[in-house]
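Below is one structure, written out as structure tokens; the observations come after it.
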Amino acid sequence: MALHAVSSAAVSSPLRALSRSLPQRPGCGCLPKQSVMIYSTKFARPQAGPVDFAGRPLVLGRSDKRAVLMHATIEEIEAEKSLIEDQAKEKMEKAIETVQANFNTVRTGRANPAMLDRIEVEYYGTPVNLKSIAQISTPDATSLLIQPYDKSSLKLIEKTIVAANLGVTPSNDGEVIRVTVPPLTSDRRKELSKTVAKLAEDGKVAIRNIRRDAIKAYDKLEKEKKLSEDNVKDLSADLQKVTDEYMKKIESIQKQKEQVLF
């Protein structure tokens, strides 16, 4: 089909230009059957900003401008959730491990090398863990045997154990140190039970702090317009469920430790 130019004078009247530029059938005042597309700057002009369903531009107030901001897709939300939640879980697992390690240092009626896990000795001016400079074993249920790799540190190790106030009695024979673990008295059991409760509460505080930091990460994404307020509420609710699970883990190992004490 031949194209017909539209004169500049016809731009002011698009309908008149349309009727003049298209050939008509003989004896008929109608237009031909072929469809014709006419492009004019007056017919199609791109609109800046949001439009309604009829294509008309919307006038937004300052408070309405947030309505046109694009939030994250479902996939992006899940990705952010997985990243932040996984990091929180990893930290919570470490908090559980710390609580368990602290519980191990609380002595029971039986000898356990873990009782000395937190003992640090000033070895040549540097604090080092006792296990790194001595071998610790349990020859029987009520005693520990400490064999230092350097015998010159025997007195220093003995002094450190006494200062730790573990309720045990170290004995230095010039070769090794024997630590006698006496039976627990009723008063001592109560004291140790309070210690266990405090260690458990410290663990719970650590879990709550991890949850708080994760919530802050969600809030930051909301401020950056990557998540909506509803997204943050849903993600925070899921994170609370994870937090509750780790709280129960701490309560479980606390109960186990208390059963050993009594």
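Numbering starts fresh at 1 for the residues of each chain in the structure tokens, the chains themselves are lettered A, B, ... in the order given, and ligands are numbered from 1 as they appear.
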**Study point:** Selection near region 148-158 of chain A, 12 Å with only C-alpha atoms, sequence-local residues under 6 positions removed, as a ChimeraX atom specification
**Key:** /A:116,119-125,127-137,164-165,168-179
Writer output for current selection, N, CA, C and O atoms, as a tab-separated table (two decimals), in the first residue's frame:
```tsv
chain	number	residue	atom	x	y	z
A	116	LEU	N	37.76	-27.61	84.53
A	116	LEU	CA	38.92	-26.72	84.44
A	116	LEU	C	39.02	-25.99	83.10
A	116	LEU	O	40.04	-25.36	82.81
A	119	ILE	N	39.94	-22.29	83.28
A	119	ILE	CA	41.14	-21.92	84.04
A	119	ILE	C	42.22	-21.41	83.09
A	119	ILE	O	42.60	-22.09	82.14
A	120	GLU	N	42.68	-20.20	83.33
A	120	GLU	CA	43.77	-19.61	82.56
A	120	GLU	C	44.95	-19.31	83.49
A	120	GLU	O	44.76	-18.72	84.56
A	121	VAL	N	46.13	-19.72	83.06
A	121	VAL	CA	47.34	-19.57	83.87
A	121	VAL	C	48.25	-18.51	83.25
A	121	VAL	O	48.43	-18.47	82.03
A	122	GLU	N	48.80	-17.64	84.10
A	122	GLU	CA	49.76	-16.64	83.61
A	122	GLU	C	51.09	-17.35	83.37
A	122	GLU	O	51.93	-17.50	84.27
A	123	TYR	N	51.29	-17.77	82.15
A	123	TYR	CA	52.47	-18.56	81.80
A	123	TYR	C	53.46	-17.66	81.07
A	123	TYR	O	53.22	-17.24	79.94
A	124	TYR	N	54.56	-17.34	81.72
A	124	TYR	CA	55.56	-16.41	81.18
A	124	TYR	C	54.93	-15.07	80.77
A	124	TYR	O	55.20	-14.53	79.69
A	125	GLY	N	54.04	-14.60	81.65
A	125	GLY	CA	53.45	-13.29	81.43
A	125	GLY	C	52.28	-13.27	80.47
A	125	GLY	O	51.70	-12.21	80.22
A	127	PRO	N	48.45	-15.01	79.59
A	127	PRO	CA	47.39	-15.91	80.05
A	127	PRO	C	47.11	-16.99	79.00
A	127	PRO	O	46.81	-16.70	77.85
A	128	VAL	N	47.23	-18.25	79.41
A	128	VAL	CA	46.97	-19.37	78.49
A	128	VAL	C	46.04	-20.35	79.18
A	128	VAL	O	45.99	-20.45	80.42
A	129	ASN	N	45.27	-21.07	78.38
A	129	ASN	CA	44.36	-22.07	78.93
A	129	ASN	C	45.15	-23.22	79.54
A	129	ASN	O	46.17	-23.65	78.98
A	130	LEU	N	44.67	-23.71	80.67
A	130	LEU	CA	45.38	-24.78	81.38
A	130	LEU	C	45.60	-26.00	80.49
A	130	LEU	O	46.66	-26.64	80.53
A	131	LYS	N	44.60	-26.33	79.66
A	131	LYS	CA	44.69	-27.52	78.82
A	131	LYS	C	45.79	-27.41	77.76
A	131	LYS	O	46.20	-28.42	77.19
A	132	SER	N	46.24	-26.19	77.50
A	132	SER	CA	47.29	-26.03	76.49
A	132	SER	C	48.69	-26.24	77.06
A	132	SER	O	49.65	-26.39	76.30
A	133	ILE	N	48.80	-26.26	78.39
A	133	ILE	CA	50.13	-26.44	78.98
A	133	ILE	C	50.20	-27.68	79.88
A	133	ILE	O	51.23	-27.94	80.51
A	134	ALA	N	49.09	-28.43	79.96
A	134	ALA	CA	49.08	-29.62	80.81
A	134	ALA	C	48.08	-30.64	80.29
A	134	ALA	O	47.10	-30.30	79.62
A	135	GLN	N	48.34	-31.89	80.62
A	135	GLN	CA	47.42	-32.98	80.29
A	135	GLN	C	46.55	-33.26	81.51
A	135	GLN	O	47.04	-33.38	82.63
A	136	ILE	N	45.23	-33.37	81.31
A	136	ILE	CA	44.30	-33.57	82.42
A	136	ILE	C	43.56	-34.90	82.21
A	136	ILE	O	43.01	-35.16	81.14
A	137	SER	N	43.53	-35.71	83.24
A	137	SER	CA	42.86	-37.00	83.16
A	137	SER	C	42.05	-37.25	84.44
A	137	SER	O	42.16	-36.50	85.42
A	164	ALA	N	40.56	-19.92	91.72
A	164	ALA	CA	39.33	-20.04	90.92
A	164	ALA	C	38.10	-20.37	91.77
A	164	ALA	O	36.97	-20.24	91.30
A	165	ASN	N	38.31	-20.78	93.01
A	165	ASN	CA	37.22	-21.06	93.94
A	165	ASN	C	36.22	-22.07	93.37
A	165	ASN	O	35.01	-21.83	93.33
A	168	VAL	N	37.30	-27.25	95.09
A	168	VAL	CA	38.13	-28.46	95.03
A	168	VAL	C	39.46	-28.19	95.72
A	168	VAL	O	39.84	-27.03	95.93
A	169	THR	N	40.17	-29.27	96.05
A	169	THR	CA	41.44	-29.13	96.76
A	169	THR	C	42.59	-29.70	95.93
A	169	THR	O	42.69	-30.91	95.75
A	170	PRO	N	43.47	-28.82	95.37
A	170	PRO	CA	44.62	-29.32	94.59
A	170	PRO	C	45.78	-29.71	95.51
A	170	PRO	O	45.98	-29.11	96.57
A	171	SER	N	46.52	-30.74	95.09
A	171	SER	CA	47.68	-31.20	95.86
A	171	SER	C	48.85	-31.40	94.92
A	171	SER	O	48.77	-32.16	93.95
A	172	ASN	N	49.95	-30.70	95.19
A	172	ASN	CA	51.14	-30.71	94.33
A	172	ASN	C	52.23	-31.59	94.97
A	172	ASN	O	52.71	-31.30	96.06
A	173	ASP	N	52.61	-32.67	94.27
A	173	ASP	CA	53.66	-33.55	94.81
A	173	ASP	C	55.01	-33.34	94.12
A	173	ASP	O	55.93	-34.12	94.31
A	174	GLY	N	55.14	-32.28	93.35
A	174	GLY	CA	56.39	-31.98	92.66
A	174	GLY	C	56.48	-32.60	91.27
A	174	GLY	O	57.35	-32.22	90.47
A	175	GLU	N	55.57	-33.53	90.98
A	175	GLU	CA	55.52	-34.16	89.65
A	175	GLU	C	54.21	-33.88	88.93
A	175	GLU	O	54.19	-33.52	87.76
A	176	VAL	N	53.13	-34.04	89.68
A	176	VAL	CA	51.79	-33.80	89.14
A	176	VAL	C	50.95	-33.09	90.19
A	176	VAL	O	51.34	-32.98	91.35
A	177	ILE	N	49.77	-32.65	89.76
A	177	ILE	CA	48.81	-32.05	90.69
A	177	ILE	C	47.57	-32.93	90.72
A	177	ILE	O	46.98	-33.22	89.67
A	178	ARG	N	47.18	-33.35	91.92
A	178	ARG	CA	45.95	-34.12	92.07
A	178	ARG	C	44.87	-33.19	92.64
A	178	ARG	O	45.11	-32.48	93.62
A	179	VAL	N	43.71	-33.26	92.00
A	179	VAL	CA	42.60	-32.42	92.44
A	179	VAL	C	41.50	-33.34	92.96
A	179	VAL	O	40.93	-34.13	92.20
```
Practice item. List every residue of region 107-140 of chain A that DSSP, applied to the backbone of this structure, assigns to helix (DSSP H, G or I), and report them as a PyMOL selection string. Key: chain A and resi 113-116+130-133
Dump of C-alpha atoms for the selected residues, as a tab-separated table (two decimals), in the first residue's frame:
```tsv
chain	number	residue	atom	x	y	z
A	113	PRO	CA	38.10	-32.34	83.18
A	114	ALA	CA	35.60	-29.80	81.81
A	115	MET	CA	35.56	-28.28	85.30
A	116	LEU	CA	38.92	-26.72	84.44
A	130	LEU	CA	45.38	-24.78	81.38
A	131	LYS	CA	44.69	-27.52	78.82
A	132	SER	CA	47.29	-26.03	76.49
A	133	ILE	CA	50.13	-26.44	78.98
```
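Across the model, the gap from CA of Ile74 (chain A) to CA of Leu239 (chain A) is 17.4 Å.
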Check your understanding: Between A:Lys225, A:Lys241, A:Arg212, A:Lys257, which is the closest to Ala200 (chain A) once you count only C-alpha atoms?
Key ->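 The answer is A:Lys257, which sits nearest to Ala200 (chain A).
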Point to revise | For Gln254 (chain A): contacts at 8 Å, only C-alpha atoms, fewer than 4 positions along chain excluded, given as a ChimeraX atom specification | key: /A:103,196-197,200,250,258
File dump, residues just selected, N, CA and C atoms, as a compact mmCIF listing (two decimals), in the first residue's frame:
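To be explicit, this is the file written out as result-v5.txt:
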```
# COMPACT_ATOMS: atom_id res chain seq x y z
N PHE A 103 28.17 -24.48 81.40
CA PHE A 103 27.57 -25.47 82.30
C PHE A 103 28.59 -26.55 82.67
N VAL A 196 24.05 -22.00 87.74
CA VAL A 196 23.51 -22.55 86.49
C VAL A 196 22.38 -21.67 85.96
N ALA A 197 21.51 -21.21 86.85
CA ALA A 197 20.40 -20.35 86.44
C ALA A 197 20.92 -19.04 85.83
N ALA A 200 22.31 -19.70 82.40
CA ALA A 200 21.21 -19.90 81.45
C ALA A 200 20.60 -18.56 81.05
N ILE A 250 17.89 -23.80 75.59
CA ILE A 250 18.62 -23.39 76.79
C ILE A 250 17.94 -23.93 78.04
N GLU A 258 20.75 -29.21 86.15
CA GLU A 258 20.21 -29.16 87.51
C GLU A 258 19.90 -30.57 88.03
```
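Each of A:Thr195, A:Thr105, A:Gln240, A:Ser228 was compared to Ile77 (chain A) using only C-alpha atoms, and A:Ser228 turns out to be the nearest.
Of note, CA of Ile161 (chain A) and CA of Asn104 (chain A) are spaced 16.1 Å apart.
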Practice item. Find the spatial neighbours of Asp230 (chain A), counting only C-alpha atoms, within a cut-off of 12 Å - ignore same-chain residues fewer than 2 positions away - and output them as a PyMOL selection string. Key: chain A and resi 71-72+77+218-219+222+226-228+232-237
Practice item. Write out as a list in words all residues of region 100-218 of chain A that DSSP puts in strand (DSSP E) for this structure's backbone. Key: Glu120, Val121, Glu122, Tyr123, Thr126, Pro127, Val128, Asn129, Ala134, Gln135, Ile136, Ser137, Thr138, Pro139, Asp140, Ser143, Leu144, Leu145, Ile146, Gln147, Pro148, Thr169, Pro170, Ser171, Asn172, Ile177, Arg178, Val179 and Thr180 of chain A
Review point. Taking into account only C-alpha atoms, which residue in the set A:Glu191, A:Pro182, A:Glu201, A:Ile215 is nearest to Ser143 (chain A)?
Key: A:Pro182
Exercise for review: List the neighbours of Pro183 (chain A) out to 12 Å using only C-alpha atoms; skip same-chain residues closer than 3 positions along the sequence, and give me the result as JSON, numbers by chain.
Suggested key: {"A": [107, 108, 109, 110, 111, 141, 142, 143, 167, 168, 169, 180, 186, 187, 188, 189, 261, 262]}
Dump of N, CA, C and O atoms for the selected residues, as a short mmCIF file (atom, residue, chain, number, x, y, z; two decimals), in the first residue's frame:
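Writing the result to part21.cif gives the following:
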```
data_model
loop_
_atom_site.label_atom_id
_atom_site.label_comp_id
_atom_site.auth_asym_id
_atom_site.auth_seq_id
_atom_site.Cartn_x
_atom_site.Cartn_y
_atom_site.Cartn_z
N ARG A 107 30.94 -27.73 88.56
CA ARG A 107 31.25 -29.09 88.98
C ARG A 107 30.04 -29.78 89.60
O ARG A 107 29.16 -29.15 90.19
N THR A 108 30.00 -31.07 89.44
CA THR A 108 28.99 -31.90 90.08
C THR A 108 29.72 -32.79 91.10
O THR A 108 30.85 -32.50 91.48
N GLY A 109 29.09 -33.87 91.51
CA GLY A 109 29.74 -34.74 92.48
C GLY A 109 30.80 -35.63 91.86
O GLY A 109 31.56 -36.28 92.58
N ARG A 110 30.91 -35.64 90.54
CA ARG A 110 31.90 -36.48 89.86
C ARG A 110 32.99 -35.60 89.25
O ARG A 110 32.75 -34.47 88.84
N ALA A 111 34.18 -36.17 89.17
CA ALA A 111 35.30 -35.45 88.56
C ALA A 111 35.12 -35.37 87.05
O ALA A 111 34.76 -36.36 86.40
N ALA A 141 36.51 -41.49 89.93
CA ALA A 141 35.32 -40.64 89.88
C ALA A 141 35.40 -39.41 90.75
O ALA A 141 34.59 -38.48 90.61
N THR A 142 36.38 -39.36 91.65
CA THR A 142 36.44 -38.23 92.59
C THR A 142 37.72 -37.41 92.50
O THR A 142 37.97 -36.57 93.37
N SER A 143 38.55 -37.66 91.48
CA SER A 143 39.81 -36.90 91.41
C SER A 143 40.23 -36.64 89.96
O SER A 143 39.85 -37.38 89.04
N GLY A 167 35.78 -25.04 94.64
CA GLY A 167 35.34 -25.95 95.69
C GLY A 167 36.10 -27.27 95.67
O GLY A 167 35.60 -28.28 96.17
N VAL A 168 37.30 -27.25 95.09
CA VAL A 168 38.13 -28.46 95.03
C VAL A 168 39.46 -28.19 95.72
O VAL A 168 39.84 -27.03 95.93
N THR A 169 40.17 -29.27 96.05
CA THR A 169 41.44 -29.13 96.76
C THR A 169 42.59 -29.70 95.93
O THR A 169 42.69 -30.91 95.75
N THR A 180 41.20 -33.22 94.24
CA THR A 180 40.15 -34.04 94.85
C THR A 180 38.82 -33.30 94.77
O THR A 180 38.71 -32.12 95.15
N SER A 186 24.46 -29.87 100.66
CA SER A 186 23.16 -29.29 100.29
C SER A 186 23.30 -27.81 99.96
O SER A 186 22.74 -27.31 98.98
N ASP A 187 24.06 -27.09 100.79
CA ASP A 187 24.25 -25.65 100.55
C ASP A 187 25.01 -25.40 99.25
O ASP A 187 24.70 -24.47 98.49
N ARG A 188 26.02 -26.26 99.00
CA ARG A 188 26.82 -26.10 97.78
C ARG A 188 25.97 -26.38 96.54
O ARG A 188 26.12 -25.72 95.52
N ARG A 189 25.06 -27.34 96.64
CA ARG A 189 24.17 -27.63 95.51
C ARG A 189 23.29 -26.43 95.18
O ARG A 189 23.06 -26.10 94.02
N LEU A 261 22.99 -32.01 89.43
CA LEU A 261 23.35 -31.43 90.71
C LEU A 261 22.57 -32.03 91.86
O LEU A 261 23.07 -32.20 92.97
N PHE A 262 21.31 -32.36 91.59
CA PHE A 262 20.44 -32.85 92.67
C PHE A 262 20.08 -34.33 92.44
O PHE A 262 19.43 -34.93 93.23
#
```
**Study point:** Within 12 Å of Asp238 (chain A) using only C-alpha atoms, minus same-chain residues under 4 positions, as JSON, numbers by chain
**Key:** {"A": [78, 81, 82, 84, 85, 88, 211, 214, 215, 231, 232, 233, 234, 242, 243, 244, 245]}
